[in-house]
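Raw contents of upload.cif, mmCIF, C-alpha atoms and all ligand atoms:
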```cif
data_start
loop_
_atom_site.label_atom_id
_atom_site.label_comp_id
_atom_site.auth_asym_id
_atom_site.auth_seq_id
_atom_site.Cartn_x
_atom_site.Cartn_y
_atom_site.Cartn_z
CA MET A 37 14.27 164.97 151.43
CA GLY A 38 12.50 166.07 148.22
CA ARG A 39 13.34 169.07 146.03
CA LEU A 40 13.90 171.92 148.44
CA GLY A 41 12.90 175.59 148.00
CA VAL A 42 13.05 178.76 150.05
CA LEU A 43 10.59 181.56 149.28
CA LEU A 44 11.79 184.98 150.44
CA LEU A 45 8.97 187.49 150.93
CA ASN A 46 9.30 191.24 150.76
CA LEU A 47 7.16 194.27 150.02
CA GLY A 48 8.52 195.24 146.62
CA GLY A 49 9.21 198.72 145.31
CA PRO A 50 8.89 200.60 142.00
CA ASP A 51 11.86 199.93 139.69
CA LYS A 52 11.32 203.23 137.86
CA LEU A 53 9.27 206.41 138.23
CA GLU A 54 6.43 205.20 135.95
CA ASP A 55 5.95 202.25 138.29
CA VAL A 56 5.23 204.43 141.32
CA ARG A 57 1.49 204.98 140.79
CA PRO A 58 0.58 201.35 139.95
CA PHE A 59 2.80 200.19 142.85
CA LEU A 60 0.94 202.54 145.22
CA TYR A 61 -2.37 201.32 143.79
CA ASN A 62 -1.44 197.72 144.64
CA LEU A 63 -0.35 198.75 148.14
CA PHE A 64 -3.49 200.73 148.97
CA SER A 65 -5.71 197.98 147.50
CA ASP A 66 -4.56 195.71 150.32
CA PRO A 67 -7.08 195.63 153.19
CA GLU A 68 -4.15 194.78 155.49
CA ILE A 69 -2.80 198.32 154.80
CA ILE A 70 -6.09 200.25 154.67
CA ARG A 71 -9.36 198.54 155.46
CA LEU A 72 -12.59 200.30 154.59
CA PRO A 73 -16.09 199.57 155.94
CA SER A 74 -17.14 198.21 152.55
CA PRO A 75 -14.81 196.11 150.36
CA LEU A 76 -16.53 197.75 147.36
CA LEU A 77 -14.84 201.07 148.25
CA GLN A 78 -11.34 199.55 148.36
CA ALA A 79 -10.51 199.76 144.64
CA PRO A 80 -11.87 203.32 144.02
CA LEU A 81 -10.11 204.64 147.14
CA ALA A 82 -6.87 202.87 146.22
CA TRP A 83 -7.09 204.46 142.78
CA LEU A 84 -7.73 207.91 144.27
CA ILE A 85 -4.99 207.78 146.94
CA SER A 86 -2.41 206.33 144.56
CA THR A 87 -3.19 209.01 141.97
CA LEU A 88 -3.02 211.84 144.51
CA ARG A 89 0.11 210.52 146.25
CA ALA A 90 2.09 209.48 143.19
CA LYS A 91 3.71 212.87 142.50
CA GLN A 92 5.14 213.36 146.00
CA SER A 93 6.23 209.75 146.13
CA GLN A 94 7.90 210.00 142.70
CA GLN A 95 9.87 213.02 143.90
CA ASN A 96 11.22 210.93 146.77
CA TYR A 97 12.16 208.04 144.48
CA LYS A 98 13.82 210.56 142.15
CA LYS A 99 16.08 211.63 145.04
CA ILE A 100 17.36 208.07 145.42
CA GLY A 101 18.11 207.53 141.73
CA GLY A 102 14.66 207.13 140.13
CA GLY A 103 13.50 203.86 141.67
CA SER A 104 13.72 201.47 144.59
CA PRO A 105 16.84 199.30 144.98
CA LEU A 106 14.73 196.71 146.85
CA ARG A 107 14.41 194.22 143.99
CA ARG A 108 18.13 194.23 143.17
CA ILE A 109 19.16 193.84 146.83
CA THR A 110 16.55 191.14 147.57
CA GLU A 111 17.71 189.17 144.52
CA GLU A 112 21.33 189.49 145.71
CA GLN A 113 20.24 188.26 149.14
CA ALA A 114 18.49 185.28 147.52
CA GLN A 115 21.63 184.42 145.56
CA ALA A 116 23.87 184.74 148.63
CA LEU A 117 21.48 182.65 150.73
CA ARG A 118 21.43 179.88 148.12
CA SER A 119 25.26 179.79 148.03
CA GLN A 120 25.39 179.69 151.83
CA LEU A 121 22.84 176.87 152.05
CA VAL A 122 24.64 174.90 149.34
CA GLN A 123 27.91 175.35 151.30
CA ASN A 124 26.07 174.07 154.38
CA GLY A 125 25.07 170.92 152.45
CA HIS A 126 21.53 171.86 151.34
CA ASP A 127 20.75 171.71 147.64
CA VAL A 128 18.13 174.39 147.34
CA GLN A 129 16.43 176.90 145.01
CA VAL A 130 15.69 180.35 146.45
CA TYR A 131 12.75 182.41 145.14
CA VAL A 132 11.72 186.03 145.69
CA GLY A 133 8.02 186.91 146.06
CA MET A 134 7.11 190.58 146.45
CA ARG A 135 3.73 191.66 147.78
CA TYR A 136 3.07 194.78 145.67
CA TRP A 137 5.53 194.79 142.75
CA HIS A 138 7.67 192.55 140.54
CA PRO A 139 8.60 189.80 140.97
CA PHE A 140 5.13 189.25 142.45
CA THR A 141 4.47 186.45 144.93
CA GLU A 142 2.23 184.82 142.32
CA GLU A 143 5.15 184.74 139.83
CA ALA A 144 7.39 183.07 142.42
CA ILE A 145 4.71 180.48 143.15
CA ALA A 146 4.33 179.69 139.43
CA GLN A 147 8.11 179.10 139.23
CA ILE A 148 8.04 176.93 142.37
CA LYS A 149 5.39 174.77 140.68
CA ARG A 150 7.38 174.56 137.43
CA ASP A 151 10.47 173.50 139.42
CA LYS A 152 8.38 170.80 141.15
CA ILE A 153 9.50 171.88 144.61
CA GLU A 154 8.42 169.33 147.23
CA GLU A 155 9.52 171.03 150.44
CA LEU A 156 9.34 174.80 150.96
CA VAL A 157 10.44 177.20 153.70
CA ILE A 158 8.59 180.53 153.52
CA LEU A 159 10.80 183.22 155.01
CA PRO A 160 9.70 186.88 155.17
CA LEU A 161 12.53 189.41 155.00
CA TYR A 162 10.99 191.22 157.95
CA PRO A 163 12.66 190.19 161.22
CA GLN A 164 9.54 191.15 163.23
CA PHE A 165 5.95 190.13 162.48
CA SER A 166 3.33 192.72 161.53
CA ILE A 167 -0.10 192.02 160.10
CA SER A 168 0.68 194.76 157.54
CA THR A 169 3.80 193.05 156.17
CA THR A 170 4.42 189.36 156.90
CA GLY A 171 0.74 188.87 157.82
CA SER A 172 -0.43 190.32 154.51
CA SER A 173 1.92 188.08 152.48
CA PHE A 174 0.85 184.98 154.46
CA ARG A 175 -2.82 185.74 153.89
CA LEU A 176 -2.22 186.10 150.15
CA LEU A 177 -0.33 182.79 150.08
CA ASP A 178 -3.03 181.10 152.13
CA ARG A 179 -5.64 182.17 149.55
CA ILE A 180 -3.46 180.91 146.68
CA TRP A 181 -2.89 177.57 148.48
CA GLN A 182 -6.57 177.01 149.19
CA THR A 183 -7.45 177.06 145.49
CA ASP A 184 -4.53 174.99 144.20
CA PRO A 185 -4.42 171.22 144.84
CA GLU A 186 -0.92 171.05 143.30
CA LEU A 187 0.45 173.45 145.92
CA GLN A 188 -1.31 171.53 148.66
CA LYS A 189 1.04 168.60 147.95
CA ILE A 190 4.08 170.71 148.95
CA LYS A 191 5.32 170.22 152.50
CA TYR A 192 5.73 173.83 153.59
CA THR A 193 6.46 175.80 156.73
CA VAL A 194 6.37 179.50 157.45
CA VAL A 195 8.75 181.47 159.66
CA PRO A 196 6.52 184.15 161.26
CA SER A 197 9.43 186.14 162.72
CA TRP A 198 13.11 185.60 163.45
CA TYR A 199 14.36 188.70 165.29
CA GLU A 200 15.63 186.51 168.17
CA ASN A 201 18.08 184.64 165.94
CA SER A 202 21.52 185.02 167.46
CA GLY A 203 23.34 185.46 164.11
CA TYR A 204 20.97 188.26 163.06
CA LEU A 205 21.49 190.02 166.41
CA GLN A 206 25.26 189.59 165.99
CA ALA A 207 25.17 191.00 162.45
CA MET A 208 23.26 194.05 163.69
CA ALA A 209 25.60 194.49 166.68
CA ASN A 210 28.66 194.31 164.39
CA LEU A 211 27.23 196.92 162.01
CA ILE A 212 26.44 199.24 164.96
CA ALA A 213 29.87 198.70 166.56
CA ASN A 214 31.59 199.61 163.26
CA LYS A 215 29.63 202.83 163.03
CA LEU A 216 30.15 203.69 166.72
CA ASP A 217 33.89 203.32 166.26
CA GLN A 218 33.81 206.03 163.59
CA VAL A 219 32.14 208.78 165.69
CA LYS A 220 33.92 211.37 167.87
CA ASP A 221 33.07 209.75 171.20
CA PRO A 222 32.21 206.06 170.67
CA SER A 223 31.36 205.50 174.35
CA THR A 224 28.69 208.23 174.73
CA ALA A 225 27.02 208.43 171.30
CA HIS A 226 23.28 207.62 171.43
CA VAL A 227 22.22 204.45 169.61
CA PHE A 228 18.93 205.49 167.96
CA PHE A 229 16.72 202.66 166.63
CA SER A 230 14.24 203.86 164.01
CA ALA A 231 11.56 201.23 163.40
CA HIS A 232 8.86 201.47 160.75
CA GLY A 233 5.64 202.63 162.41
CA VAL A 234 2.14 201.17 162.18
CA PRO A 235 -1.17 202.72 163.27
CA VAL A 236 -1.87 202.17 167.00
CA SER A 237 -5.15 200.41 166.07
CA TYR A 238 -3.15 197.54 164.55
CA ILE A 239 -1.68 196.83 167.99
CA GLU A 240 -4.67 197.65 170.18
CA GLU A 241 -7.56 196.38 168.05
CA ALA A 242 -6.11 193.85 165.64
CA GLY A 243 -3.63 192.22 168.07
CA ASP A 244 -0.48 192.91 166.03
CA PRO A 245 2.58 191.70 168.04
CA TYR A 246 4.81 194.12 166.10
CA GLN A 247 5.47 196.69 168.85
CA LYS A 248 6.41 194.00 171.41
CA GLU A 249 8.72 192.31 168.91
CA ILE A 250 10.39 195.60 167.94
CA GLU A 251 10.98 196.54 171.59
CA ALA A 252 12.38 193.09 172.39
CA CYS A 253 14.56 193.19 169.26
CA ALA A 254 16.15 196.55 170.16
CA ALA A 255 16.90 195.33 173.70
CA LEU A 256 18.45 192.06 172.39
CA ILE A 257 20.66 193.92 169.90
CA MET A 258 21.89 196.20 172.71
CA GLN A 259 22.67 193.10 174.82
CA LYS A 260 24.69 191.63 171.94
CA LEU A 261 26.45 194.97 171.38
CA ASN A 262 27.49 194.92 175.03
CA ARG A 263 28.57 198.56 175.17
CA PRO A 264 27.59 201.25 177.69
CA ASN A 265 25.93 203.59 175.15
CA PRO A 266 22.42 204.85 175.91
CA TYR A 267 19.75 203.88 173.39
CA LYS A 268 16.35 205.10 172.19
CA LEU A 269 13.64 203.49 170.05
CA ALA A 270 11.28 205.56 167.86
CA TYR A 271 8.93 204.96 164.91
CA GLN A 272 9.19 206.45 161.41
CA SER A 273 7.18 206.70 158.17
CA ARG A 274 3.69 207.46 159.40
CA VAL A 275 1.05 207.97 156.71
CA GLY A 276 -2.35 209.62 157.10
CA PRO A 277 -4.22 211.36 159.89
CA VAL A 278 -4.55 208.56 162.48
CA GLU A 279 -2.32 207.94 165.47
CA TRP A 280 0.73 205.76 164.80
CA LEU A 281 3.13 204.19 167.28
CA GLN A 282 5.07 206.73 169.27
CA PRO A 283 7.54 208.27 169.90
CA TYR A 284 7.77 209.50 166.32
CA THR A 285 11.33 209.53 164.99
CA ASP A 286 11.38 213.25 164.11
CA VAL A 287 10.03 214.26 167.55
CA ALA A 288 12.43 211.93 169.38
CA ILE A 289 15.42 213.36 167.48
CA GLU A 290 14.41 216.91 168.45
CA GLU A 291 13.88 215.88 172.08
CA LEU A 292 17.32 214.26 172.32
CA ALA A 293 18.90 217.35 170.75
CA ALA A 294 17.08 219.53 173.31
CA GLU A 295 18.53 217.33 176.08
CA GLY A 296 21.99 218.13 174.75
CA VAL A 297 22.73 214.90 172.85
CA LYS A 298 25.28 215.65 170.09
CA GLU A 299 25.97 212.26 168.44
CA LEU A 300 23.38 209.85 167.05
CA VAL A 301 24.10 206.45 165.51
CA VAL A 302 20.86 205.68 163.70
CA VAL A 303 19.83 202.03 163.23
CA PRO A 304 16.99 201.09 160.84
CA ILE A 305 15.49 198.10 162.65
CA SER A 306 12.47 196.86 160.63
CA PHE A 307 14.34 196.49 157.36
CA VAL A 308 17.14 194.23 156.18
CA SER A 309 17.76 196.07 152.90
CA GLU A 310 18.36 199.64 151.84
CA HIS A 311 15.29 201.23 150.30
CA ILE A 312 13.42 204.54 150.18
CA GLU A 313 12.83 204.74 153.94
CA THR A 314 16.54 204.39 154.75
CA LEU A 315 18.02 206.24 151.76
CA GLU A 316 15.55 209.12 151.55
CA GLU A 317 13.63 209.32 154.80
CA ILE A 318 16.47 208.68 157.27
CA ASP A 319 19.46 209.84 155.26
CA MET A 320 17.83 213.02 153.95
CA GLU A 321 14.71 214.05 155.90
CA TYR A 322 15.70 212.99 159.43
CA ARG A 323 19.32 214.05 158.91
CA GLU A 324 18.10 217.57 158.07
CA ILE A 325 15.85 217.65 161.15
CA ALA A 326 18.75 216.46 163.33
CA GLU A 327 21.16 219.05 161.94
CA HIS A 328 18.65 221.87 162.46
CA ALA A 329 18.10 220.68 166.01
CA GLY A 330 21.83 220.85 166.79
CA ILE A 331 22.90 217.21 166.45
CA GLU A 332 26.54 217.26 165.30
CA THR A 333 26.98 213.62 164.25
CA PHE A 334 24.17 211.79 162.44
CA ALA A 335 25.74 208.46 161.46
CA ARG A 336 23.43 205.90 159.86
CA VAL A 337 24.12 202.19 160.29
CA PRO A 338 23.73 200.37 156.94
CA ALA A 339 20.98 197.78 156.48
CA PRO A 340 22.45 194.23 156.55
CA ASP A 341 21.85 193.62 152.78
CA THR A 342 24.29 190.78 151.92
CA ASP A 343 26.51 191.06 155.01
CA PRO A 344 28.02 187.54 155.40
CA THR A 345 27.09 187.20 159.12
CA PHE A 346 23.54 188.18 158.22
CA ILE A 347 23.30 185.74 155.30
CA GLN A 348 24.62 182.94 157.53
CA ALA A 349 21.89 183.91 160.03
CA LEU A 350 19.21 183.58 157.31
CA ALA A 351 20.66 180.17 156.39
CA ASP A 352 20.47 179.12 160.07
CA VAL A 353 16.84 180.25 160.24
CA VAL A 354 16.04 178.10 157.16
CA ILE A 355 17.91 175.05 158.50
CA LYS A 356 16.13 175.33 161.87
CA ALA A 357 12.72 175.67 160.14
CA LEU A 358 13.42 172.43 158.24
CA SER A 359 13.92 170.47 161.44
CA ASP A 360 11.17 172.16 163.50
CA ARG A 361 7.52 171.14 163.40
CA PRO A 362 5.98 172.80 160.27
CA ILE A 363 3.96 175.98 160.91
CA PRO A 364 0.95 176.41 158.55
CA PHE A 365 -0.48 179.81 157.52
CA SER A 366 -3.49 179.15 159.75
CA ALA A 367 -1.28 179.06 162.88
CA THR A 368 -0.06 182.64 162.37
CA ILE A 369 -1.78 185.78 163.60
CA GLN A 370 -4.86 186.76 161.61
CA PRO A 371 -6.64 190.03 162.40
CA GLN A 372 -10.38 189.84 163.10
CA LYS A 373 -12.23 190.07 159.79
CA ASN A 374 -14.12 193.22 160.80
CA THR A 375 -11.27 195.00 162.57
CA LYS A 376 -11.09 198.53 161.21
CA LEU A 377 -7.42 198.87 160.43
CA TYR A 378 -7.56 202.44 159.22
CA PRO A 379 -8.84 205.15 159.49
CA GLN A 380 -10.44 203.88 162.69
CA GLU A 381 -13.61 205.23 164.29
CA ARG A 382 -14.25 207.92 161.70
CA TRP A 383 -15.58 205.08 159.57
CA GLU A 384 -18.18 203.91 162.14
CA TRP A 385 -21.29 203.81 159.96
CA GLY A 386 -24.30 203.92 162.35
CA MET A 387 -27.34 201.70 162.09
CA THR A 388 -29.84 204.22 163.52
CA PRO A 389 -31.11 206.99 161.19
CA SER A 390 -29.63 209.91 163.21
CA ALA A 391 -26.35 208.16 163.94
CA GLU A 392 -26.15 207.28 160.27
CA VAL A 393 -26.39 210.92 159.24
CA TRP A 394 -23.78 212.10 161.76
CA ASN A 395 -21.45 209.20 161.22
CA GLY A 396 -21.79 209.71 157.49
CA ARG A 397 -20.81 213.37 157.87
CA LEU A 398 -17.90 212.52 160.16
CA ALA A 399 -16.79 209.83 157.78
CA MET A 400 -16.86 212.29 154.89
CA ILE A 401 -14.79 214.82 156.89
CA GLY A 402 -12.34 212.09 157.90
CA PHE A 403 -12.21 210.88 154.34
CA LEU A 404 -11.47 214.36 152.98
CA ILE A 405 -8.77 214.99 155.63
CA LEU A 406 -7.20 211.65 154.79
CA LEU A 407 -7.18 212.37 151.07
CA LEU A 408 -5.82 215.86 151.58
CA GLU A 409 -3.02 214.60 153.82
CA LEU A 410 -2.13 211.76 151.51
CA TRP A 411 -2.25 214.08 148.56
CA LEU A 412 -0.17 216.86 150.06
CA GLY A 413 2.24 214.41 151.65
CA ARG A 414 2.73 216.74 154.61
CA GLY A 415 1.10 217.62 157.90
CA GLN A 416 1.23 214.40 159.82
CA ILE A 417 2.66 212.64 156.81
CA LEU A 418 6.39 212.46 156.53
CA GLN A 419 6.78 210.72 153.24
C1 LIG B 1 -0.31 203.31 154.80
C2 LIG B 1 0.15 202.38 155.58
C3 LIG B 1 1.44 201.69 155.62
C4 LIG B 1 1.80 200.77 156.59
C5 LIG B 1 0.99 200.31 157.77
C6 LIG B 1 3.13 200.32 156.28
C7 LIG B 1 3.86 199.39 157.05
C8 LIG B 1 5.14 198.95 156.76
N1 LIG B 1 5.85 199.12 155.59
C9 LIG B 1 7.10 198.53 155.69
C10 LIG B 1 8.10 198.50 154.71
C11 LIG B 1 8.05 199.14 153.47
N2 LIG B 1 7.13 200.08 153.06
C12 LIG B 1 7.42 200.50 151.78
C13 LIG B 1 6.74 201.44 151.03
C14 LIG B 1 5.54 202.07 151.42
N3 LIG B 1 4.77 201.79 152.53
C15 LIG B 1 3.65 202.62 152.57
C16 LIG B 1 2.62 202.61 153.53
C17 LIG B 1 2.57 201.79 154.68
N4 LIG B 1 3.54 200.94 155.14
C18 LIG B 1 3.75 203.45 151.40
C19 LIG B 1 2.73 204.50 151.02
C20 LIG B 1 4.90 203.10 150.70
C21 LIG B 1 5.40 203.69 149.36
C22 LIG B 1 6.47 204.70 149.54
C23 LIG B 1 5.91 206.08 149.64
O1 LIG B 1 4.98 206.46 148.93
O2 LIG B 1 6.41 206.81 150.48
C24 LIG B 1 8.58 199.77 151.32
C25 LIG B 1 9.19 199.84 149.92
C26 LIG B 1 10.17 200.95 149.82
C27 LIG B 1 10.86 201.07 148.51
O3 LIG B 1 12.08 201.23 148.48
O4 LIG B 1 10.20 201.05 147.46
C28 LIG B 1 8.99 198.94 152.37
C29 LIG B 1 10.14 197.97 152.38
C30 LIG B 1 7.18 197.94 156.99
C31 LIG B 1 8.37 197.18 157.52
C32 LIG B 1 5.97 198.20 157.65
C33 LIG B 1 5.49 197.81 159.01
C34 LIG B 1 6.09 197.14 159.89
FE FE B 2 6.86 203.88 154.67
FE FE B 3 5.44 200.66 154.17
#
```
Taking this structure as input, can you express it in the form of structure tokens?
Amino acid sequence: MGRLGVLLLNLGGPDKLEDVRPFLYNLFSDPEIIRLPSPLLQAPLAWLISTLRAKQSQQNYKKIGGGSPLRRITEEQAQALRSQLVQNGHDVQVYVGMRYWHPFTEEAIAQIKRDKIEELVILPLYPQFSISTTGSSFRLLDRIWQTDPELQKIKYTVVPSWYENSGYLQAMANLIANKLDQVKDPSTAHVFFSAHGVPVSYIEEAGDPYQKEIEACAALIMQKLNRPNPYKLAYQSRVGPVEWLQPYTDVAIEELAAEGVKELVVVPISFVSEHIETLEEIDMEYREIAEHAGIETFARVPAPDTDPTFIQALADVVIKALSDRPIPFSATIQPQKNTKLYPQERWEWGMTPSAEVWNGRLAMIGFLILLLELWLGRGQILQ
């Protein structure tokens, strides 16, 4: 075996308040997050949305200490994973490549080349696959690989998703069990999975397996937990005026409260580290909604971070990937090139003169609504 590396992929987050706007610009420049009818519009729209959204977003980051903890936690995970793999007999370097902020994926790749890595496992820190997260990072890497003969010499494999890994399910079940044991009635409290949402068009038009994987993941965790508690799955963090996966977390909380549920144990399911959507959105925004609705216990299960069972699970995923047949970027799910990811049919530019006028007007209205919503950060937007 040659020099071994593991590349951990994550989204990245602003380290400080000044980073928020350029971070948002990078995020909205990604056609896997928002795809416009003309690639020429991508950069101006990304500039506009990031500028309009930055203030609201900064306020949220301020509430969690002035920046995202994602980089620190991901680097701690990388360190813990390296130690675990070394203990398991694998001499390995672990790298962190973020999609939209430092340390960027490109920086990690440059280091991998300097270290003359010969065999590489590419492991996204998203247990479930979505074209907006893992898919976006794989497409970036694929582009980098195609233009670099040096990288093409590396024997690499990707891990598209790993939510079925038994150690990961056990780590999640342990964290939930600990929290359940702290509530008033551990046998009746509702286990409430809050997954990150995506627009419905990702699933229905672009073929994103994300919803199926999330649903399967929640069911497998409940099997591992092996307790009689009822459970519910809902989707958080929607952005913009289009339809996202439902039920929405805020609505589902209110519905459970109306049914008389008093205790919720809330499980963030799409993330393996604490960040703005756990620390601000769940812990502050959804907690407030739950309390207003009459929920008496709102206990949030921590993200796995560097939990030892979880880190061992990541090590197992890496070791399995090394012995399995390598999976290239091209074998993972790629959305159709002309799939409109967002904001859907409002952007249908007609080819006939009359349709063109009407579609143009509709597109302008849709565009203005989108900007207004993103700017105000309210209405259908929760963030
Ligand atoms: C606009 C579309 C977005 C989609 C689709 C989306 C999917 C998605 N995101 C995560 C995980 C993270 N998202 C984070 C930040 C973030 N994401 C969006 C938008 C979309 N995400 C925005 C605008 C932001 C910035 C924060 C804000 O302005 O509110 C982060 C980083 C958080 C941090 O601590 O900095 C993560 C992680 C998943 C898992 C996902 C789909 C499955
Ligand atoms: Fe979000
Ligand atoms: Fe996001």
### Task
Give the residues close to ligand FE 2 (chain B), within 9 Å, counting all atoms listed in the file; write them as an NGL selection string.
:A and (232-233 or 272-275 or 312-313 or 317 or 418-419)
### Surrounding residues as a PyMOL selection string, ligand FE 3 (chain B), max 12 Å, all atoms listed in the file
chain A and resi 46-49+59-60+63-64+66+68-70+135-136+162+166-170+172+231-235+272-275+306-307+311-314+317+419
### Query
Given the choices A:Tyr204, A:Arg39, A:Glu251, A:Val227, which gets closest to Asp151 of chain A if the distance is worked out from only C-alpha atoms?
A:Arg39
### Query
Can you tell me how far atom C12 of ligand LIG 1 (chain B) sits from atom CA of Lys248 of chain A, in Å to one decimal?
20.7 Å
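Taking all atoms listed in the file into account, ligand LIG 1 (chain B) lies nearest to A:Pro277 out of the set A:Gly38, A:Pro344, A:Pro277, A:Pro266.
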Taking all atoms of ligand LIG 1 (chain B) that appear in the file, build a box with edges along x, y and z, extend it by 6 Å on every side, and state its centre and edge lengths in Å to one decimal, as lines of an AutoDock Vina configuration file.
```
center_x = 5.9
center_y = 202.0
center_z = 153.7
size_x = 24.4
size_y = 21.7
size_z = 24.4
```
### Query
Which of these residues is nearest to ligand LIG 1 (chain B), using all atoms listed in the file: A:Lys268, A:Lys220, A:Arg108, A:Arg263?
A:Arg108
### Task
Kindly indicate which residue among A:Thr342, A:Gln247, A:Gln206, A:Ser173 lies nearest to ligand LIG 1 (chain B), using all atoms listed in the file for the distances.
A:Gln247
## Note on the structure
Between atom CA of Asp360 of chain A and atom C33 of ligand LIG 1 (chain B) lies a distance of 26.7 Å
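Among A:Tyr238, A:Leu84, A:Leu43, A:Arg107, the residue with the shortest atom-to-atom distance to Ile153 of chain A, counting only C-alpha atoms, is A:Leu43.
Computed from the coordinates, the atom CA of Glu316 of chain A to atom CA of Leu211 of chain A distance equals 19.9 Å.
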### Task
Find the residues near Ser197 of chain A: any atom within 6 Å, counting all atoms listed in the file, skip ones fewer than 5 places away on the same chain, and give them as JSON, numbers by chain.
{"A": [163, 164, 165]}
### Query
Taking only C-alpha atoms into account, which of A:Val128, A:Val219, A:Val308, A:Ala252 comes nearest Ile355 of chain A?
A:Val128
### Query
Do you know which residues lie at most 8 Å from (3.2, 184.6, 155.2), with coordinates as in the file and all atoms listed in the file counted, and could you write them as an MDAnalysis selection string?
chainID A and resid 45 158:160 170:178 194:196 365
### Surrounding residues of Leu81 of chain A excluding itself and chain neighbours under 2 positions, 10 Å, all atoms listed in the file, as a list in words
Tyr61, Phe64, Ser65, Ile70, Leu72, Leu76, Leu77, Gln78, Ala79, Trp83, Leu84, Ile85, Ser86, Thr87, Phe403 and Leu407 of chain A
### Query
Counting only C-alpha atoms, what is within 12 Å of Gln123 of chain A, bar same-chain residues fewer than 6 positions away, as an MDAnalysis selection string?
chainID A and resid 116:117 348 351
### Task
Excluding Glu290 of chain A and any residue of its chain fewer than 3 positions from it, enumerate the residues within 6 Å of it, using all atoms listed in the file, and give them as a VMD selection string.
chain A and resid 287 293 329
### Message
Which residues are close to segment 90-93 of chain A, i.e. within 7 Å by only C-alpha atoms, leaving aside same-chain residues fewer than 3 positions away? Reply as a PyMOL selection string.
### Response
chain A and resi 56-57+86-87+96-97+413
